[in-house]
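Next up, work_5.cif (mmCIF, C-alpha atoms):
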data_upload
#
loop_
_atom_site.label_atom_id
_atom_site.label_comp_id
_atom_site.auth_asym_id
_atom_site.auth_seq_id
_atom_site.Cartn_x
_atom_site.Cartn_y
_atom_site.Cartn_z
CA MET A 1 41.94 6.90 9.35
CA LEU A 2 38.90 8.24 11.17
CA SER A 3 38.48 8.61 14.90
CA ILE A 4 35.56 6.78 16.48
CA GLY A 5 33.70 10.10 16.80
CA GLU A 6 34.29 11.01 13.16
CA PHE A 7 33.23 7.58 11.95
CA ALA A 8 30.12 7.68 14.14
CA ARG A 9 29.12 10.99 12.56
CA MET A 10 29.70 9.68 9.03
CA ALA A 11 27.76 6.46 9.70
CA GLY A 12 24.88 8.18 11.51
CA VAL A 13 25.24 6.19 14.72
CA SER A 14 26.40 6.99 18.24
CA VAL A 15 29.86 6.30 19.61
CA ARG A 16 28.23 4.11 22.25
CA MET A 17 26.64 1.93 19.55
CA LEU A 18 29.93 1.63 17.68
CA ARG A 19 31.54 0.29 20.84
CA HIS A 20 28.61 -2.12 21.19
CA TYR A 21 29.00 -3.31 17.60
CA ASP A 22 32.72 -3.82 18.25
CA ARG A 23 32.01 -5.99 21.31
CA LEU A 24 29.60 -8.10 19.24
CA GLY A 25 32.12 -8.43 16.41
CA ILE A 26 29.70 -6.91 13.92
CA LEU A 27 31.72 -3.79 13.07
CA VAL A 28 35.22 -3.83 14.53
CA PRO A 29 37.68 -0.93 14.21
CA ALA A 30 40.30 -1.06 11.50
CA ARG A 31 42.89 -0.42 14.16
CA VAL A 32 43.05 -0.34 17.95
CA ASP A 33 46.01 1.28 19.68
CA ALA A 34 47.64 -1.36 21.87
CA HIS A 35 48.48 1.12 24.63
CA SER A 36 45.56 3.54 24.73
CA GLY A 37 42.80 1.31 23.32
CA TYR A 38 41.96 4.15 20.93
CA ARG A 39 39.76 2.94 18.08
CA SER A 40 40.26 4.08 14.50
CA TYR A 41 38.14 3.29 11.48
CA SER A 42 38.67 3.35 7.74
CA SER A 43 36.33 5.09 5.32
CA SER A 44 36.17 1.75 3.46
CA GLN A 45 34.13 0.43 6.43
CA LEU A 46 31.32 2.89 5.80
CA PRO A 47 29.44 0.62 3.33
CA ARG A 48 29.33 -2.13 5.98
CA ALA A 49 28.13 0.42 8.54
CA ASN A 50 25.43 1.57 6.11
CA GLN A 51 24.26 -2.03 5.57
CA LEU A 52 24.24 -2.63 9.31
CA VAL A 53 22.12 0.44 10.02
CA ALA A 54 19.72 -0.31 7.15
CA LEU A 55 19.14 -3.92 8.20
CA LYS A 56 18.74 -2.93 11.84
CA ASP A 57 16.19 -0.25 10.90
CA LEU A 58 14.25 -2.90 8.96
CA GLY A 59 13.76 -4.78 12.21
CA PHE A 60 16.40 -7.50 12.03
CA SER A 61 18.09 -8.40 15.30
CA LEU A 62 21.79 -7.64 15.72
CA GLU A 63 22.47 -11.39 15.70
CA GLN A 64 20.73 -11.67 12.32
CA VAL A 65 22.51 -8.59 11.01
CA GLY A 66 25.91 -9.92 12.05
CA SER A 67 25.25 -13.26 10.40
CA MET A 68 24.14 -11.61 7.17
CA LEU A 69 27.13 -9.26 7.05
CA ASN A 70 29.63 -11.97 7.84
CA ASP A 71 28.17 -14.37 5.27
CA GLY A 72 28.40 -11.79 2.52
CA LEU A 73 25.32 -10.10 1.19
CA THR A 74 24.46 -10.93 -2.41
CA ALA A 75 21.70 -8.95 -4.06
CA GLU A 76 19.50 -12.05 -4.22
CA ARG A 77 19.98 -12.79 -0.51
CA VAL A 78 19.15 -9.21 0.43
CA ARG A 79 16.01 -9.33 -1.72
CA ASN A 80 14.86 -12.62 -0.18
CA LEU A 81 15.46 -11.36 3.33
CA LEU A 82 13.65 -8.11 2.67
CA GLU A 83 10.70 -9.90 1.06
CA ALA A 84 10.42 -12.20 4.08
CA ARG A 85 10.63 -9.23 6.41
CA ARG A 86 7.99 -7.40 4.37
CA GLU A 87 5.56 -10.28 4.84
CA GLU A 88 6.28 -10.36 8.58
CA LEU A 89 5.57 -6.64 8.84
CA ARG A 90 2.38 -6.97 6.78
CA THR A 91 1.16 -9.72 9.08
CA GLN A 92 2.06 -7.68 12.13
CA LEU A 93 0.34 -4.61 10.70
CA ALA A 94 -2.83 -6.59 9.97
CA SER A 95 -2.78 -8.03 13.47
CA ASP A 96 -2.25 -4.61 15.05
CA THR A 97 -5.01 -3.11 12.90
CA LEU A 98 -7.41 -5.83 14.01
CA ARG A 99 -6.36 -5.36 17.64
CA LEU A 100 -6.96 -1.60 17.34
CA ALA A 101 -10.41 -2.19 15.84
CA ARG A 102 -11.27 -4.53 18.72
CA ILE A 103 -10.17 -1.94 21.28
CA GLU A 104 -12.23 0.76 19.59
CA ALA A 105 -15.21 -1.60 19.46
CA LYS A 106 -14.82 -2.35 23.18
CA LEU A 107 -14.73 1.39 23.94
CA ARG A 108 -17.92 1.90 21.96
CA LEU A 109 -19.42 -1.09 23.74
CA ILE A 110 -18.63 0.42 27.14
CA GLU A 111 -20.01 3.81 26.09
CA ARG A 112 -23.12 2.53 24.33
CA GLY A 113 -25.40 2.83 27.39
CA SER A 114 -27.80 5.36 25.88
CA ILE A 115 -27.75 3.97 22.33
CA MET A 116 -31.13 2.53 21.43
CA SER A 117 -31.98 0.04 18.69
CA GLU A 118 -35.31 -1.06 17.29
CA TYR A 119 -36.42 -4.62 17.95
CA THR A 120 -39.11 -6.59 16.18
CA GLU A 121 -40.72 -9.84 17.28
CA THR A 122 -41.45 -12.15 14.35
CA ALA A 123 -41.32 -15.73 13.06
CA LEU A 124 -38.30 -16.98 11.11
CA PRO A 125 -38.57 -19.21 8.04
CA ARG A 126 -36.75 -22.47 7.53
CA LEU A 127 -33.61 -21.97 5.47
CA VAL A 128 -31.75 -24.43 3.29
CA LEU A 129 -28.13 -23.45 2.83
CA VAL A 130 -25.07 -24.82 1.15
CA GLY A 131 -22.03 -24.05 3.23
CA ILE A 132 -19.55 -25.16 5.85
CA THR A 133 -19.42 -25.40 9.63
CA ALA A 134 -16.73 -24.78 12.22
CA THR A 135 -16.49 -25.13 15.99
CA VAL A 136 -14.57 -22.50 17.95
CA ALA A 137 -13.69 -22.18 21.62
CA GLU A 138 -14.81 -18.55 21.75
CA MET A 139 -16.35 -16.02 19.41
CA GLY A 140 -13.12 -14.02 19.16
CA GLU A 141 -11.63 -16.86 17.12
CA ILE A 142 -14.26 -16.61 14.40
CA GLU A 143 -13.51 -12.95 13.61
CA ASN A 144 -10.49 -13.93 11.53
CA ASP A 145 -12.16 -17.02 10.04
CA ILE A 146 -15.64 -15.99 8.96
CA GLY A 147 -14.47 -13.93 5.96
CA PRO A 148 -12.35 -16.76 4.52
CA MET A 149 -15.22 -19.18 5.23
CA PHE A 150 -17.58 -17.08 3.12
CA ASP A 151 -14.86 -16.79 0.43
CA ARG A 152 -14.60 -20.58 0.33
CA VAL A 153 -18.37 -21.04 0.12
CA ASN A 154 -18.87 -18.44 -2.60
CA GLY A 155 -15.88 -19.71 -4.56
CA ALA A 156 -17.42 -23.18 -4.67
CA ILE A 157 -20.82 -21.76 -5.67
CA ASP A 158 -19.31 -19.67 -8.46
CA GLU A 159 -17.34 -22.65 -9.75
CA ALA A 160 -20.54 -24.69 -9.85
CA SER A 161 -22.36 -21.81 -11.60
CA ALA A 162 -25.18 -22.02 -9.04
CA ASP A 163 -27.66 -19.15 -8.72
CA ARG A 164 -28.14 -17.53 -5.32
CA THR A 165 -31.73 -17.11 -4.19
CA GLY A 166 -31.16 -15.01 -1.08
CA PRO A 167 -28.56 -13.32 1.11
CA GLY A 168 -25.71 -15.09 2.85
CA VAL A 169 -26.34 -16.37 6.35
CA ALA A 170 -24.22 -17.21 9.39
CA THR A 171 -25.60 -18.95 12.46
CA TYR A 172 -24.14 -19.32 15.95
CA GLU A 173 -25.12 -21.93 18.51
CA VAL A 174 -23.54 -23.14 21.74
CA ALA A 175 -21.93 -26.58 21.34
CA GLY A 176 -20.60 -27.89 24.64
CA GLU A 177 -18.03 -25.38 25.85
CA GLY A 178 -17.56 -23.94 22.36
CA MET A 179 -19.60 -22.42 19.58
CA ARG A 180 -20.82 -24.07 16.38
CA VAL A 181 -20.68 -21.65 13.47
CA VAL A 182 -22.44 -22.18 10.15
CA VAL A 183 -21.63 -20.09 7.09
CA GLY A 184 -23.76 -20.60 4.01
CA GLU A 185 -25.56 -19.24 0.98
CA GLN A 186 -29.02 -19.86 -0.39
CA VAL A 187 -28.94 -21.33 -3.91
CA ALA A 188 -31.55 -22.48 -6.40
CA GLU A 189 -30.10 -25.85 -7.38
CA ALA A 190 -30.73 -28.91 -5.26
CA ALA A 191 -27.20 -30.23 -5.87
CA VAL A 192 -24.53 -29.24 -3.36
CA PRO A 193 -21.34 -27.76 -4.89
CA ALA A 194 -18.16 -29.75 -4.30
CA GLY A 195 -16.57 -29.05 -0.92
CA LEU A 196 -19.79 -27.79 0.67
CA GLN A 197 -22.62 -29.44 2.56
CA ARG A 198 -26.37 -29.00 2.71
CA ILE A 199 -27.40 -27.29 5.94
CA ASP A 200 -30.96 -27.03 7.21
CA VAL A 201 -31.73 -24.13 9.54
CA ALA A 202 -34.95 -24.84 11.38
CA ALA A 203 -37.85 -22.39 11.34
CA ALA A 204 -38.58 -20.49 14.54
CA GLU A 205 -42.12 -19.58 15.58
CA ARG A 206 -40.88 -16.67 17.65
CA ALA A 207 -37.74 -14.54 17.36
CA LEU A 208 -36.47 -11.08 18.22
CA VAL A 209 -34.77 -9.23 15.38
CA THR A 210 -32.73 -6.04 15.03
CA ARG A 211 -30.87 -4.53 12.09
CA LEU A 212 -27.27 -3.32 12.00
CA GLU A 213 -26.40 -0.71 9.38
CA ALA A 214 -22.76 0.34 9.56
CA PRO A 215 -19.66 0.96 7.42
CA ASP A 216 -17.82 -1.87 9.19
CA LEU A 217 -18.45 -4.77 11.58
CA SER A 218 -16.85 -3.28 14.68
CA GLY A 219 -20.26 -2.70 16.30
CA ILE A 220 -21.72 -6.15 15.74
CA GLN A 221 -20.86 -7.46 19.21
CA ALA A 222 -22.56 -4.47 20.80
CA ALA A 223 -25.61 -5.07 18.59
CA TRP A 224 -25.79 -8.71 19.68
CA GLN A 225 -25.42 -7.76 23.33
CA GLY A 226 -28.19 -5.20 22.98
CA LEU A 227 -30.42 -7.81 21.34
CA ILE A 228 -29.85 -10.36 24.12
CA GLN A 229 -30.47 -7.70 26.77
CA GLU A 230 -33.75 -6.89 25.04
CA VAL A 231 -34.64 -10.61 25.00
CA GLU A 232 -34.14 -10.83 28.76
CA GLY A 233 -35.85 -7.49 29.32
CA ARG A 234 -38.99 -8.91 27.72
CA GLY A 235 -38.90 -11.94 30.00
CA LEU A 236 -37.82 -14.24 27.18
CA ARG A 237 -34.81 -16.51 26.67
CA PRO A 238 -32.73 -17.50 23.63
CA ASN A 239 -34.01 -20.70 22.06
CA GLY A 240 -31.86 -21.89 19.18
CA ALA A 241 -29.14 -20.68 16.87
CA GLY A 242 -28.77 -16.94 16.40
CA ARG A 243 -28.71 -15.85 12.75
CA GLU A 244 -26.89 -13.12 10.88
CA VAL A 245 -28.53 -12.42 7.52
CA TYR A 246 -26.27 -10.33 5.31
CA LEU A 247 -28.68 -8.16 3.35
CA GLU A 248 -25.93 -5.89 2.00
CA THR A 249 -22.13 -6.06 2.17
CA PRO A 250 -19.28 -3.87 0.86
CA PHE A 251 -18.56 -6.65 -1.67
CA ASP A 252 -21.91 -6.45 -3.45
CA GLY A 253 -20.71 -4.09 -6.15
CA PRO A 254 -19.31 -0.63 -6.89
CA ASP A 255 -22.30 1.10 -5.27
CA ALA A 256 -22.06 -0.87 -2.02
CA SER A 257 -20.87 1.25 0.88
CA GLY A 258 -21.27 -0.82 4.02
CA TRP A 259 -23.09 -3.56 5.88
CA VAL A 260 -26.78 -4.16 6.43
CA ILE A 261 -27.27 -7.23 8.63
CA ASP A 262 -30.36 -8.60 10.33
CA LEU A 263 -29.51 -10.15 13.70
CA GLN A 264 -32.15 -12.74 14.52
CA GLN A 265 -32.45 -14.59 17.81
CA PRO A 266 -35.10 -17.33 18.24
CA VAL A 267 -36.72 -17.00 21.65
CA ALA A 268 -39.12 -18.78 23.97
#
Translate this file's structure into structure tokens.
Amino acid sequence: MLSIGEFARMAGVSVRMLRHYDRLGILVPARVDAHSGYRSYSSSQLPRANQLVALKDLGFSLEQVGSMLNDGLTAERVRNLLEARREELRTQLASDTLRLARIEAKLRLIERGSIMSEYTETALPRLVLVGITATVAEMGEIENDIGPMFDRVNGAIDEASADRTGPGVATYEVAGEGMRVVVGEQVAEAAVPAGLQRIDVAAAERALVTRLEAPDLSGIQAAWQGLIQEVEGRGLRPNGAGREVYLETPFDGPDASGWVIDLQQPVA
């Protein structure tokens, strides 16, 4: 038999945690002295201790670990549990990565005071798109949705074997207390691919335009804020849906390295 200290050393846990596992009924001593309360363990309990530590390190709660150990762990059950946990961790990692990118973007936004962009006043042509629309409560919601929206649009276009005649476009316009978002592509055929709709974007006689060239999209909010500040600085006001025209994206081919986007705001 092993003392609690010896077993703790063999299992790679603390004596305090062994006592905790005993109280929870997850890993109880092989023998407890009736008079002294001295705990002793058998070396045959080490595999259970190893499973406990491994599952706990993977992020399972002690309640989950106890249930799994008591039910008997088949290889298939372990694999299913680990696959489910893997997906949870992947989702969490993606969420944390996005959250980190937003924080970094906010820091750049706060520090951007002296960063200058070039602005051009011009007219915007009428566009005819095939695409989809969505309404969101705030712009933060669209960050996770706009990529899949473009995937859906381009998947339908590819399935219909339609030829694109220009870059992809997204537009943003206030709709009540929310924001109406349009995602679309310019195609040659008059027919609308299944699952999409025809969307007319009105021409604008006057607009202020700037270009974002960057390896990622973390600076796009700062670019839009700079554009709107320039609009107000010129004594103008936004007048219609703002456009993002995706001239280049990282998905355009093996030579593509980043984003080139024209931000266009109709003004009056």
Quiz prompt | Selection result of the PyMOL selection byres ((chain A and resi 6) around 12) on this file, as a ChimeraX atom specification | solution = /A:1-5,7-15,18,39-43,46
Since I can't run it myself right now, could you work out what the PyMOL selection byres ((chain A and resi 174-186) around 8) selects here and report it as a PDB file with C-alpha atoms, in the frame of the given file?
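Contents of out_11.pdb, as written:
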ATOM      1  CA  LEU A 127     -33.610 -21.970   5.470  1.00  0.00           C
ATOM      2  CA  VAL A 128     -31.750 -24.430   3.290  1.00  0.00           C
ATOM      3  CA  LEU A 129     -28.130 -23.450   2.830  1.00  0.00           C
ATOM      4  CA  VAL A 130     -25.070 -24.820   1.150  1.00  0.00           C
ATOM      5  CA  GLY A 131     -22.030 -24.050   3.230  1.00  0.00           C
ATOM      6  CA  ILE A 132     -19.550 -25.160   5.850  1.00  0.00           C
ATOM      7  CA  THR A 133     -19.420 -25.400   9.630  1.00  0.00           C
ATOM      8  CA  ALA A 134     -16.730 -24.780  12.220  1.00  0.00           C
ATOM      9  CA  THR A 135     -16.490 -25.130  15.990  1.00  0.00           C
ATOM     10  CA  VAL A 136     -14.570 -22.500  17.950  1.00  0.00           C
ATOM     11  CA  ALA A 137     -13.690 -22.180  21.620  1.00  0.00           C
ATOM     12  CA  GLU A 138     -14.810 -18.550  21.750  1.00  0.00           C
ATOM     13  CA  MET A 139     -16.350 -16.020  19.410  1.00  0.00           C
ATOM     14  CA  ILE A 146     -15.640 -15.990   8.960  1.00  0.00           C
ATOM     15  CA  MET A 149     -15.220 -19.180   5.230  1.00  0.00           C
ATOM     16  CA  PHE A 150     -17.580 -17.080   3.120  1.00  0.00           C
ATOM     17  CA  VAL A 153     -18.370 -21.040   0.120  1.00  0.00           C
ATOM     18  CA  ASN A 154     -18.870 -18.440  -2.600  1.00  0.00           C
ATOM     19  CA  ARG A 164     -28.140 -17.530  -5.320  1.00  0.00           C
ATOM     20  CA  THR A 165     -31.730 -17.110  -4.190  1.00  0.00           C
ATOM     21  CA  GLY A 166     -31.160 -15.010  -1.080  1.00  0.00           C
ATOM     22  CA  PRO A 167     -28.560 -13.320   1.110  1.00  0.00           C
ATOM     23  CA  GLY A 168     -25.710 -15.090   2.850  1.00  0.00           C
ATOM     24  CA  VAL A 169     -26.340 -16.370   6.350  1.00  0.00           C
ATOM     25  CA  ALA A 170     -24.220 -17.210   9.390  1.00  0.00           C
ATOM     26  CA  THR A 171     -25.600 -18.950  12.460  1.00  0.00           C
ATOM     27  CA  TYR A 172     -24.140 -19.320  15.950  1.00  0.00           C
ATOM     28  CA  GLU A 173     -25.120 -21.930  18.510  1.00  0.00           C
ATOM     29  CA  VAL A 187     -28.940 -21.330  -3.910  1.00  0.00           C
ATOM     30  CA  ALA A 188     -31.550 -22.480  -6.400  1.00  0.00           C
ATOM     31  CA  ILE A 199     -27.400 -27.290   5.940  1.00  0.00           C
ATOM     32  CA  ALA A 241     -29.140 -20.680  16.870  1.00  0.00           C
TER      33      ALA A 241
END
Practice problem: I would like the residues chosen by the PyMOL selection byres ((chain A and resi 64-66) around 10) on the shown file; could you give them as a VMD selection string? | Solution: chain A and resid 21 24 to 27 51 to 56 59 to 63 67 to 71
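Each of A:Glu205, A:Val32, A:Arg23, A:Val245 was checked against Ala123 (chain A) using all atoms listed in the file; the smallest atom-to-atom distance is that of A:Glu205.
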Quiz item: What is the CA of Gln225 (chain A) to CA of Glu121 (chain A) distance in Å?
Solution: 16.6 Å
Exercise. Would you mind listing what lies within 12 Å of Ala256 (chain A) as a list in words, with all atoms listed in the file counted and same-chain residues fewer than 6 positions away left out?
Key: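 Residues meeting the cut-off are Ala214, Pro215, Leu247, Glu248, Thr249 and Pro250 of chain A.
Going from CA of Leu212 (chain A) over to CA of Thr120 (chain A), you cover 13.0 Å.
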Self-check item: Atom pair CA of His20 (chain A) / CA of Glu83 (chain A): separation (Å)
Solution: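 Calculated distance between CA of His20 (chain A) and CA of Glu83 (chain A) is 28.0 Å.
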Self-check item: Non-local contacts of Ile228 (chain A) (10 Å; all atoms listed in the file; under 3 positions in same chain excluded) as a VMD selection string
Solution: chain A and resid 208 222 to 225 231 to 234 236 to 238 265 267
Quiz item: Of the residues A:Ala162, A:Ala30, A:Leu124, A:Leu217, which is the one nearest to Arg243 (chain A), using all atoms listed in the file?
Solution: A:Leu124
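With distances taken over all atoms listed in the file, A:Leu58 is the one residue among A:Ser36, A:Leu58, A:Asp252, A:Gln197 lying closest to Ala84 (chain A).
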Quiz item: Nearest to Asp216 (chain A): which of A:Gly258, A:Gly195, A:Gly235, A:Gly242 is it, counting all atoms listed in the file?
Solution: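 Of all the options, A:Gly258 lies closest to Asp216 (chain A).
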